[in-house]
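Shown next: run03.pdb, containing PDB, C-alpha atoms.
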ATOM      1  CA  MET A   1     148.061  53.951  12.507
ATOM      2  CA  PRO A   2     147.050  55.940   9.405
ATOM      3  CA  ASP A   3     147.105  59.713  10.025
ATOM      4  CA  ALA A   4     143.396  60.016   9.175
ATOM      5  CA  VAL A   5     142.405  57.702  12.009
ATOM      6  CA  THR A   6     141.454  59.571  15.170
ATOM      7  CA  GLU A   7     141.747  58.354  18.739
ATOM      8  CA  ALA A   8     137.953  58.374  18.978
ATOM      9  CA  GLN A   9     137.678  56.038  15.961
ATOM     10  CA  ILE A  10     140.216  53.666  17.480
ATOM     11  CA  LYS A  11     138.358  53.596  20.805
ATOM     12  CA  ALA A  12     135.008  53.093  19.059
ATOM     13  CA  ARG A  13     136.203  50.101  17.061
ATOM     14  CA  LEU A  14     138.035  48.574  20.028
ATOM     15  CA  ALA A  15     134.788  48.919  22.002
ATOM     16  CA  ARG A  16     133.143  46.800  19.304
ATOM     17  CA  LEU A  17     135.476  43.970  20.340
ATOM     18  CA  ASP A  18     134.051  44.093  23.872
ATOM     19  CA  ASP A  19     130.565  43.976  22.344
ATOM     20  CA  LEU A  20     131.679  40.970  20.273
ATOM     21  CA  ARG A  21     132.859  39.120  23.373
ATOM     22  CA  ALA A  22     129.568  39.887  25.125
ATOM     23  CA  ALA A  23     127.561  38.691  22.119
ATOM     24  CA  ILE A  24     129.419  35.360  21.992
ATOM     25  CA  ALA A  25     128.886  34.968  25.755
ATOM     26  CA  GLN A  26     125.134  34.903  25.107
ATOM     27  CA  ALA A  27     125.577  31.365  23.752
ATOM     28  CA  ILE A  28     128.943  30.222  25.151
ATOM     29  CA  VAL A  29     129.688  29.746  28.853
ATOM     30  CA  GLY A  30     133.323  30.265  29.841
ATOM     31  CA  GLN A  31     136.085  29.414  27.332
ATOM     32  CA  GLU A  32     137.493  32.967  27.626
ATOM     33  CA  ASP A  33     140.953  31.924  26.443
ATOM     34  CA  VAL A  34     139.510  30.135  23.401
ATOM     35  CA  VAL A  35     137.360  33.141  22.488
ATOM     36  CA  GLU A  36     140.353  35.469  22.863
ATOM     37  CA  GLN A  37     142.482  33.314  20.570
ATOM     38  CA  LEU A  38     139.675  33.179  17.993
ATOM     39  CA  LEU A  39     139.469  36.975  18.024
ATOM     40  CA  ILE A  40     143.261  37.175  17.722
ATOM     41  CA  GLY A  41     143.075  34.987  14.631
ATOM     42  CA  LEU A  42     140.298  37.182  13.221
ATOM     43  CA  LEU A  43     142.246  40.428  13.782
ATOM     44  CA  ALA A  44     145.498  38.949  12.461
ATOM     45  CA  GLY A  45     143.728  37.785   9.296
ATOM     46  CA  GLY A  46     144.688  34.146   9.895
ATOM     47  CA  HIS A  47     142.883  30.823  10.123
ATOM     48  CA  CYS A  48     142.338  28.791  13.299
ATOM     49  CA  LEU A  49     142.151  25.056  13.974
ATOM     50  CA  LEU A  50     140.135  24.120  17.079
ATOM     51  CA  GLU A  51     140.993  20.788  18.653
ATOM     52  CA  GLY A  52     139.025  19.144  21.419
ATOM     53  CA  VAL A  53     136.970  16.105  22.343
ATOM     54  CA  PRO A  54     133.302  15.964  21.249
ATOM     55  CA  GLY A  55     130.711  17.914  23.179
ATOM     56  CA  LEU A  56     132.789  20.946  24.183
ATOM     57  CA  GLY A  57     130.895  23.381  21.975
ATOM     58  CA  LYS A  58     133.484  23.951  19.229
ATOM     59  CA  THR A  59     130.894  24.131  16.460
ATOM     60  CA  LEU A  60     128.527  26.251  18.577
ATOM     61  CA  LEU A  61     131.374  28.656  19.349
ATOM     62  CA  VAL A  62     132.218  29.162  15.680
ATOM     63  CA  ARG A  63     128.540  29.507  14.732
ATOM     64  CA  SER A  64     128.076  32.101  17.498
ATOM     65  CA  LEU A  65     131.046  34.076  16.175
ATOM     66  CA  GLY A  66     129.491  33.961  12.714
ATOM     67  CA  GLN A  67     126.166  35.219  14.083
ATOM     68  CA  ALA A  68     127.816  38.075  15.989
ATOM     69  CA  LEU A  69     129.683  39.244  12.883
ATOM     70  CA  GLU A  70     127.682  40.729  10.045
ATOM     71  CA  LEU A  71     129.580  38.501   7.608
ATOM     72  CA  GLU A  72     128.483  35.727   5.300
ATOM     73  CA  PHE A  73     128.871  32.448   7.192
ATOM     74  CA  ARG A  74     128.813  28.895   5.829
ATOM     75  CA  ARG A  75     129.392  25.512   7.412
ATOM     76  CA  VAL A  76     130.733  22.405   5.646
ATOM     77  CA  GLN A  77     130.583  19.025   7.372
ATOM     78  CA  PHE A  78     133.664  17.179   6.129
ATOM     79  CA  THR A  79     133.042  13.485   5.405
ATOM     80  CA  PRO A  80     135.029  10.718   3.648
ATOM     81  CA  ASP A  81     132.973  11.073   0.451
ATOM     82  CA  LEU A  82     133.308  14.865   0.151
ATOM     83  CA  MET A  83     134.853  15.979  -3.160
ATOM     84  CA  PRO A  84     136.912  19.140  -3.883
ATOM     85  CA  SER A  85     134.103  20.482  -6.092
ATOM     86  CA  ASP A  86     131.754  20.267  -3.092
ATOM     87  CA  ILE A  87     133.886  22.968  -1.472
ATOM     88  CA  LEU A  88     135.317  25.040  -4.315
ATOM     89  CA  GLY A  89     132.447  24.895  -6.790
ATOM     90  CA  THR A  90     131.937  23.460 -10.262
ATOM     91  CA  GLU A  91     131.120  24.432 -13.850
ATOM     92  CA  LEU A  92     127.552  24.061 -15.069
ATOM     93  CA  LEU A  93     126.656  23.641 -18.742
ATOM     94  CA  GLU A  94     123.947  26.136 -19.648
ATOM     95  CA  GLU A  95     122.090  26.790 -22.890
ATOM     96  CA  ASP A  96     121.062  30.220 -24.162
ATOM     97  CA  HIS A  97     117.436  29.692 -25.195
ATOM     98  CA  GLY A  98     117.594  32.618 -27.602
ATOM     99  CA  THR A  99     120.613  31.480 -29.630
ATOM    100  CA  GLY A 100     120.743  27.804 -28.756
ATOM    101  CA  LYS A 101     124.446  28.152 -27.840
ATOM    102  CA  ARG A 102     125.816  26.341 -24.844
ATOM    103  CA  HIS A 103     128.397  27.675 -22.423
ATOM    104  CA  PHE A 104     129.930  26.789 -19.071
ATOM    105  CA  ARG A 105     129.174  28.911 -16.007
ATOM    106  CA  PHE A 106     131.168  28.618 -12.785
ATOM    107  CA  GLN A 107     128.953  27.902  -9.786
ATOM    108  CA  PRO A 108     130.847  29.020  -6.633
ATOM    109  CA  GLY A 109     131.015  26.554  -3.745
ATOM    110  CA  PRO A 110     130.660  27.231  -0.017
ATOM    111  CA  VAL A 111     134.283  28.429   0.232
ATOM    112  CA  PHE A 112     133.092  31.699  -1.336
ATOM    113  CA  THR A 113     132.116  33.245   1.971
ATOM    114  CA  ASN A 114     133.611  35.416   4.701
ATOM    115  CA  LEU A 115     133.633  32.874   7.506
ATOM    116  CA  LEU A 116     133.910  29.174   6.664
ATOM    117  CA  LEU A 117     133.424  26.525   9.339
ATOM    118  CA  ALA A 118     135.241  23.380   8.218
ATOM    119  CA  ASP A 119     133.726  20.928  10.685
ATOM    120  CA  GLU A 120     135.830  17.796  11.402
ATOM    121  CA  LEU A 121     138.342  18.663   8.689
ATOM    122  CA  ASN A 122     140.373  15.521   9.333
ATOM    123  CA  ARG A 123     137.460  13.259   8.298
ATOM    124  CA  THR A 124     137.915  13.982   4.580
ATOM    125  CA  PRO A 125     140.623  12.489   2.305
ATOM    126  CA  PRO A 126     143.843  14.411   1.486
ATOM    127  CA  LYS A 127     142.613  15.320  -2.010
ATOM    128  CA  THR A 128     139.704  17.263  -0.548
ATOM    129  CA  GLN A 129     141.804  18.688   2.303
ATOM    130  CA  ALA A 130     144.249  20.021  -0.301
ATOM    131  CA  ALA A 131     141.419  21.852  -2.058
ATOM    132  CA  LEU A 132     141.490  24.351   0.794
ATOM    133  CA  LEU A 133     145.252  25.024   0.552
ATOM    134  CA  GLU A 134     145.123  27.668  -2.185
ATOM    135  CA  ALA A 135     142.032  29.271  -0.697
ATOM    136  CA  MET A 136     143.633  29.571   2.745
ATOM    137  CA  GLN A 137     147.002  30.860   1.529
ATOM    138  CA  GLU A 138     146.230  32.914  -1.580
ATOM    139  CA  LYS A 139     142.574  33.827  -0.839
ATOM    140  CA  THR A 140     141.752  32.668  -4.384
ATOM    141  CA  VAL A 141     140.238  29.625  -6.123
ATOM    142  CA  SER A 142     141.521  28.436  -9.514
ATOM    143  CA  TYR A 143     139.087  26.440 -11.634
ATOM    144  CA  GLY A 144     139.191  25.759 -15.374
ATOM    145  CA  GLY A 145     142.197  28.020 -15.826
ATOM    146  CA  VAL A 146     140.419  31.004 -14.249
ATOM    147  CA  THR A 147     141.356  32.484 -10.869
ATOM    148  CA  HIS A 148     138.464  33.650  -8.706
ATOM    149  CA  GLN A 149     138.995  36.026  -5.775
ATOM    150  CA  LEU A 150     137.436  35.124  -2.440
ATOM    151  CA  PRO A 151     135.452  37.734  -0.480
ATOM    152  CA  LYS A 152     137.206  39.943   2.076
ATOM    153  CA  PRO A 153     137.639  39.228   4.875
ATOM    154  CA  PHE A 154     138.073  35.460   4.484
ATOM    155  CA  PHE A 155     138.523  33.355   7.591
ATOM    156  CA  VAL A 156     138.601  29.542   7.954
ATOM    157  CA  LEU A 157     137.775  27.999  11.308
ATOM    158  CA  ALA A 158     138.301  24.244  11.290
ATOM    159  CA  THR A 159     137.592  21.682  14.000
ATOM    160  CA  GLN A 160     139.020  18.247  14.636
ATOM    161  CA  ASN A 161     138.637  15.558  17.275
ATOM    162  CA  PRO A 162     142.053  14.413  18.606
ATOM    163  CA  LEU A 163     140.771  11.144  20.112
ATOM    164  CA  GLU A 164     138.648   9.236  17.621
ATOM    165  CA  GLN A 165     141.143   8.441  14.846
ATOM    166  CA  ALA A 166     139.230   5.626  13.089
ATOM    167  CA  GLY A 167     138.197   6.821   9.649
ATOM    168  CA  THR A 168     140.233  10.035   9.833
ATOM    169  CA  TYR A 169     143.037  11.451   7.678
ATOM    170  CA  PRO A 170     145.610  13.389   9.720
ATOM    171  CA  LEU A 171     146.279  16.828   8.288
ATOM    172  CA  PRO A 172     149.661  17.029   6.511
ATOM    173  CA  GLU A 173     152.288  19.484   7.749
ATOM    174  CA  ALA A 174     151.754  21.775   4.736
ATOM    175  CA  GLN A 175     148.072  22.100   5.606
ATOM    176  CA  LEU A 176     148.703  22.589   9.328
ATOM    177  CA  ASP A 177     151.165  25.374   8.547
ATOM    178  CA  ARG A 178     148.342  27.370   6.929
ATOM    179  CA  PHE A 179     146.646  27.746  10.305
ATOM    180  CA  LEU A 180     147.776  30.746  12.319
ATOM    181  CA  LEU A 181     146.745  29.124  15.609
ATOM    182  CA  LEU A 182     145.998  25.633  16.880
ATOM    183  CA  ILE A 183     143.527  26.277  19.699
ATOM    184  CA  ARG A 184     143.023  23.605  22.345
ATOM    185  CA  VAL A 185     139.466  23.468  23.718
ATOM    186  CA  GLU A 186     139.547  22.015  27.240
ATOM    187  CA  TYR A 187     136.856  20.740  29.606
ATOM    188  CA  PRO A 188     134.910  23.464  31.462
ATOM    189  CA  THR A 189     135.266  24.109  35.166
ATOM    190  CA  GLU A 190     132.624  22.706  37.539
ATOM    191  CA  GLN A 191     130.809  26.053  37.784
ATOM    192  CA  GLU A 192     130.914  26.544  34.006
ATOM    193  CA  GLU A 193     129.553  23.045  33.456
ATOM    194  CA  HIS A 194     126.748  23.760  35.934
ATOM    195  CA  ASP A 195     125.896  26.965  34.034
ATOM    196  CA  ILE A 196     125.981  25.115  30.691
ATOM    197  CA  LEU A 197     123.450  22.571  31.969
ATOM    198  CA  ALA A 198     121.183  25.310  33.298
ATOM    199  CA  GLN A 199     121.411  27.406  30.123
ATOM    200  CA  THR A 200     120.951  24.695  27.495
ATOM    201  CA  THR A 201     118.189  22.479  28.923
ATOM    202  CA  GLY A 202     115.334  24.967  29.025
ATOM    203  CA  ASN A 203     112.937  26.365  26.425
ATOM    204  CA  ARG A 204     114.739  29.683  25.963
ATOM    205  CA  ALA A 205     117.235  29.622  23.090
ATOM    206  CA  ALA A 206     120.253  31.920  23.240
ATOM    207  CA  VAL A 207     120.123  34.853  20.828
ATOM    208  CA  VAL A 208     123.447  36.175  19.551
ATOM    209  CA  PRO A 209     123.153  39.782  18.317
ATOM    210  CA  GLN A 210     125.116  41.136  15.351
ATOM    211  CA  VAL A 211     127.617  43.679  16.663
ATOM    212  CA  MET A 212     130.371  44.072  14.064
ATOM    213  CA  HIS A 213     130.425  44.737  10.328
ATOM    214  CA  ALA A 214     132.877  43.697   7.613
ATOM    215  CA  GLU A 215     134.387  47.198   7.430
ATOM    216  CA  ASP A 216     135.145  47.054  11.176
ATOM    217  CA  VAL A 217     136.972  43.748  10.760
ATOM    218  CA  LEU A 218     138.975  44.973   7.765
ATOM    219  CA  ALA A 219     139.913  48.213   9.544
ATOM    220  CA  LEU A 220     141.083  46.339  12.646
ATOM    221  CA  GLN A 221     143.094  43.919  10.516
ATOM    222  CA  GLY A 222     144.827  46.893   8.914
ATOM    223  CA  TRP A 223     145.564  48.464  12.286
ATOM    224  CA  VAL A 224     147.110  45.246  13.615
ATOM    225  CA  ARG A 225     150.049  45.598  11.230
ATOM    226  CA  ASP A 226     150.715  49.123  12.537
ATOM    227  CA  VAL A 227     151.057  47.964  16.166
ATOM    228  CA  HIS A 228     154.635  48.573  17.326
ATOM    229  CA  LEU A 229     156.989  45.640  17.893
ATOM    230  CA  GLY A 230     160.368  46.498  19.400
ATOM    231  CA  GLU A 231     163.565  45.243  17.785
ATOM    232  CA  ASP A 232     164.483  43.322  20.955
ATOM    233  CA  LEU A 233     161.183  41.416  20.838
ATOM    234  CA  LEU A 234     161.513  40.767  17.110
ATOM    235  CA  ALA A 235     165.003  39.348  17.693
ATOM    236  CA  TRP A 236     163.623  37.147  20.511
ATOM    237  CA  ILE A 237     160.903  35.741  18.244
ATOM    238  CA  THR A 238     163.562  34.995  15.621
ATOM    239  CA  ARG A 239     165.692  33.158  18.183
ATOM    240  CA  LEU A 240     162.701  31.198  19.522
ATOM    241  CA  VAL A 241     161.714  29.931  16.079
ATOM    242  CA  ARG A 242     165.282  29.073  15.076
ATOM    243  CA  ALA A 243     165.890  27.312  18.417
ATOM    244  CA  SER A 244     162.978  24.944  17.630
ATOM    245  CA  ARG A 245     165.024  23.315  14.843
ATOM    246  CA  PRO A 246     167.282  20.392  15.798
ATOM    247  CA  GLY A 247     170.958  20.844  15.140
ATOM    248  CA  THR A 248     174.023  22.629  16.400
ATOM    249  CA  GLY A 249     173.128  25.274  18.942
ATOM    250  CA  ALA A 250     169.585  24.017  19.576
ATOM    251  CA  PRO A 251     168.570  23.368  23.206
ATOM    252  CA  GLN A 252     168.900  19.791  24.425
ATOM    253  CA  VAL A 253     165.102  19.380  24.669
ATOM    254  CA  VAL A 254     164.796  20.154  20.951
ATOM    255  CA  ASN A 255     167.572  17.785  19.879
ATOM    256  CA  SER A 256     166.019  15.054  22.036
ATOM    257  CA  TYR A 257     162.349  15.395  21.134
ATOM    258  CA  VAL A 258     161.964  17.278  17.817
ATOM    259  CA  ARG A 259     162.445  15.785  14.345
ATOM    260  CA  TRP A 260     161.507  18.915  12.422
ATOM    261  CA  GLY A 261     161.218  22.438  13.768
ATOM    262  CA  ALA A 262     159.126  25.471  12.902
ATOM    263  CA  GLY A 263     159.713  27.393   9.674
ATOM    264  CA  PRO A 264     159.732  31.145   8.987
ATOM    265  CA  ARG A 265     155.923  31.210   8.739
ATOM    266  CA  ALA A 266     155.834  30.440  12.463
ATOM    267  CA  GLY A 267     157.760  33.651  13.147
ATOM    268  CA  GLN A 268     155.443  35.654  10.894
ATOM    269  CA  SER A 269     152.420  34.167  12.645
ATOM    270  CA  LEU A 270     153.798  34.876  16.112
ATOM    271  CA  VAL A 271     154.500  38.511  15.214
ATOM    272  CA  LEU A 272     151.004  39.072  13.791
ATOM    273  CA  ALA A 273     149.271  37.187  16.605
ATOM    274  CA  ALA A 274     151.180  39.156  19.265
ATOM    275  CA  LYS A 275     150.240  42.434  17.546
ATOM    276  CA  ALA A 276     146.603  41.329  17.389
ATOM    277  CA  ARG A 277     146.612  40.441  21.102
ATOM    278  CA  ALA A 278     148.065  43.840  21.976
ATOM    279  CA  LEU A 279     145.363  45.633  19.967
ATOM    280  CA  LEU A 280     142.666  43.374  21.436
ATOM    281  CA  GLN A 281     143.752  44.569  24.888
ATOM    282  CA  GLY A 282     143.779  48.206  23.812
ATOM    283  CA  ARG A 283     147.541  48.584  23.422
ATOM    284  CA  LEU A 284     149.478  49.869  20.405
ATOM    285  CA  ALA A 285     152.709  48.080  21.299
ATOM    286  CA  VAL A 286     153.577  44.395  21.792
ATOM    287  CA  THR A 287     154.912  43.229  25.159
ATOM    288  CA  ARG A 288     156.844  40.121  26.147
ATOM    289  CA  ASP A 289     153.668  38.685  27.707
ATOM    290  CA  ASP A 290     151.907  38.755  24.315
ATOM    291  CA  ILE A 291     154.612  36.553  22.816
ATOM    292  CA  MET A 292     154.714  34.151  25.776
ATOM    293  CA  ALA A 293     150.923  33.760  25.726
ATOM    294  CA  LEU A 294     150.831  32.873  22.020
ATOM    295  CA  ALA A 295     154.018  30.860  21.510
ATOM    296  CA  ALA A 296     152.226  27.541  22.122
ATOM    297  CA  PRO A 297     149.105  28.167  19.964
ATOM    298  CA  VAL A 298     151.326  29.402  17.119
ATOM    299  CA  MET A 299     154.035  26.719  17.263
ATOM    300  CA  ARG A 300     152.453  23.537  18.674
ATOM    301  CA  HIS A 301     151.204  22.334  15.265
ATOM    302  CA  ARG A 302     154.439  23.288  13.498
ATOM    303  CA  LEU A 303     156.741  20.959  15.452
ATOM    304  CA  LEU A 304     157.168  17.349  14.318
ATOM    305  CA  LEU A 305     158.069  15.378  17.439
ATOM    306  CA  SER A 306     160.336  12.344  17.564
ATOM    307  CA  PHE A 307     159.556   8.815  18.698
ATOM    308  CA  ALA A 308     161.471   9.572  21.895
ATOM    309  CA  ALA A 309     158.976  12.321  22.719
ATOM    310  CA  GLU A 310     156.071   9.931  22.218
ATOM    311  CA  ALA A 311     157.768   7.254  24.330
ATOM    312  CA  GLU A 312     158.387   9.715  27.166
ATOM    313  CA  ASN A 313     154.934  11.308  26.836
ATOM    314  CA  LYS A 314     156.344  14.717  25.894
ATOM    315  CA  SER A 315     154.043  17.076  24.022
ATOM    316  CA  ALA A 316     154.779  20.010  21.720
ATOM    317  CA  ASP A 317     153.629  22.315  24.520
ATOM    318  CA  ASP A 318     156.290  20.793  26.819
ATOM    319  CA  VAL A 319     158.980  21.536  24.227
ATOM    320  CA  ILE A 320     157.722  25.102  23.708
ATOM    321  CA  ALA A 321     157.664  25.742  27.470
ATOM    322  CA  ALA A 322     161.269  24.553  27.649
ATOM    323  CA  LEU A 323     162.156  26.798  24.701
ATOM    324  CA  LEU A 324     160.662  29.839  26.414
ATOM    325  CA  GLY A 325     162.768  29.027  29.455
ATOM    326  CA  SER A 326     166.028  28.381  27.606
ATOM    327  CA  VAL A 327     166.133  31.149  24.991
ATOM    328  CA  PRO A 328     167.242  34.350  26.795
ATOM    329  CA  HIS A 329     164.381  36.808  27.320
ATOM    330  CA  PRO A 330     164.636  40.453  26.338
ATOM    331  CA  ALA A 331     164.480  42.956  29.158
ATOM    332  CA  ALA A 332     160.969  43.496  30.495
TER     333      ALA A 332
END
As structure tokens, how would this structure be written, given the file I've shared?
Amino acid sequence: MPDAVTEAQIKARLARLDDLRAAIAQAIVGQEDVVEQLLIGLLAGGHCLLEGVPGLGKTLLVRSLGQALELEFRRVQFTPDLMPSDILGTELLEEDHGTGKRHFRFQPGPVFTNLLLADELNRTPPKTQAALLEAMQEKTVSYGGVTHQLPKPFFVLATQNPLEQAGTYPLPEAQLDRFLLLIRVEYPTEQEEHDILAQTTGNRAAVVPQVMHAEDVLALQGWVRDVHLGEDLLAWITRLVRASRPGTGAPQVVNSYVRWGAGPRAGQSLVLAAKARALLQGRLAVTRDDIMALAAPVMRHRLLLSFAAEAENKSADDVIAALLGSVPHPAA
């Protein structure tokens, strides 16, 4: 941590995270793991892809996060006819009424925001999907030979439906790799579903208070990189990522079920996500549990499985679980 930061300041900003959880809970019942992973993505400065069947509250969850953060929030519904300019912006021809001269003025699109909800990202063609690549990686937009900086912080939360594939365009590996986490949104428990029905079918609408400012988010993102990660844990992350690539020395499960393994960005993402989880739980050092909890969300979208895996109904999470069991753990 920077020397100027006091313990009281750290505790105050970490307390804001508890307030943020409570604010989101005003509109969202359950889904604690999903909320935690969203906050991890926010603190790590990465983007998140939420995957789940319709009706599980993915859009409501992201909108509630946007309401709880005092950040500019915009939502784009991705459709087959959406064009790159609908996201990035376009140039408008304007005339100066005093001189009669005409000039082009760049009109920023909805990507110029702090928190962008890309709803059903896989429903738009690859050309429009690719328009987000530079924005997600470089935090800039290039148009007409001019590079425009995006606001800070900048955070993309995208959703996709894994079941209904008619009329969709699967995200290419290069685009998937830009997401820090692939978050699976599962069905609620029976009690949670009961509470959802009771909470959402009356006249009283949930109110999500604003509890965190942009400077809080930026400060926490800076602190994440100062969280300590031991050399033994860093070496374990390196071995995990390298073991996901088929070839000599890879575990049998990888050689059998993986066509293409995770790249170095997976290791970077796992380090940052583990640091963010540690800080989220009030710790200034990463533990082995942080890495084990986030290995699947970080790596599941970065593994290209083989036909054998599909034939034997093996998922990326199955491969990652086997990896965690086969690559020697560091001492607890």
Practice task
Evaluate the PyMOL selection byres ((chain A and resi 21-35) around 8) here and jot the selected residues down as a PyMOL selection string.
Solution key: chain A and resi 17-20+36-39+57+60-61+64-65+68+183-185+188+192+195-196+206-211
Exercise for the section: Rank A:Glu72, A:Asp289, A:Glu186, A:Glu120 by their smallest atom-to-atom distance to Pro151 (chain A), using all atoms listed in the file, and report the top residue only. Expected result: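 Ranking A:Glu72, A:Asp289, A:Glu186, A:Glu120 by distance to Pro151 (chain A), first place goes to A:Glu72.
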Fill in the blank from the handout: The residue from A:Pro328, A:Val111, A:Ala44, A:Leu303 with the smallest atom-to-atom distance to Leu240 (chain A), counting all atoms listed in the file, is A:Pro328
Practice task
For CA of Leu272 (chain A) and CA of Leu49 (chain A), determine how far apart the two atoms are, in Å to one decimal place.
Solution key: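 Distance between the two atoms: 16.6 Å.
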Exercise for the section: May I have the residues within 10 Å of Asn114 (chain A) as a list in words, using only C-alpha atoms and disregarding those fewer than 5 positions away in the same chain? Expected result: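 Residues meeting the cut-off are Gly66, Leu69, Glu70, Leu71, Glu72, Phe73, Arg74, Leu150, Pro151, Lys152, Pro153, Phe154, Phe155, Val156 and Ala214 of chain A.
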Exercise for the section: Report as a PyMOL selection string the full result of the PyMOL selection byres ((chain A and resi 130) around 12) when it is applied to this structure. Expected result: chain A and resi 83-85+87-88+121-122+124-129+131-137+141+169+171-176+178
Practice task
Run the PyMOL selection byres ((chain A and resi 309-324) around 10) on the file and write out the hits as an NGL selection string.
Solution key: :A and (236 or 239-241 or 243-244 or 250-254 or 256-259 or 291-292 or 295-297 or 299-308 or 325-329)
Exercise for the section: Could you check which of A:Ile237, A:Leu115, A:Leu197, A:Leu14 is closest to Gln67 (chain A), using all atoms listed in the file? Expected result: A:Leu115
Handout entry: Among the residues A:Ile40, A:Ala266, A:Val271, A:Leu82, the one that comes closest to Asp177 (chain A) [using all atoms listed in the file]
Key =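 Nearest candidate to Asp177 (chain A) out of A:Ile40, A:Ala266, A:Val271, A:Leu82: A:Ala266.
Neighbourhood of point (156.6, 42.1, 23.6): residues with an atom at most 10 Å away, counting only C-alpha atoms, are A:His228, A:Leu229, A:Gly230, A:Glu231, A:Asp232, A:Leu233, A:Leu234, A:Trp236, A:Ile237, A:Val271, A:Ala274, A:Lys275, A:Ala278, A:Ala285, A:Val286, A:Thr287, A:Arg288, A:Asp289, A:Asp290, A:Ile291, A:Met292, A:Pro330, A:Ala331, A:Ala332.
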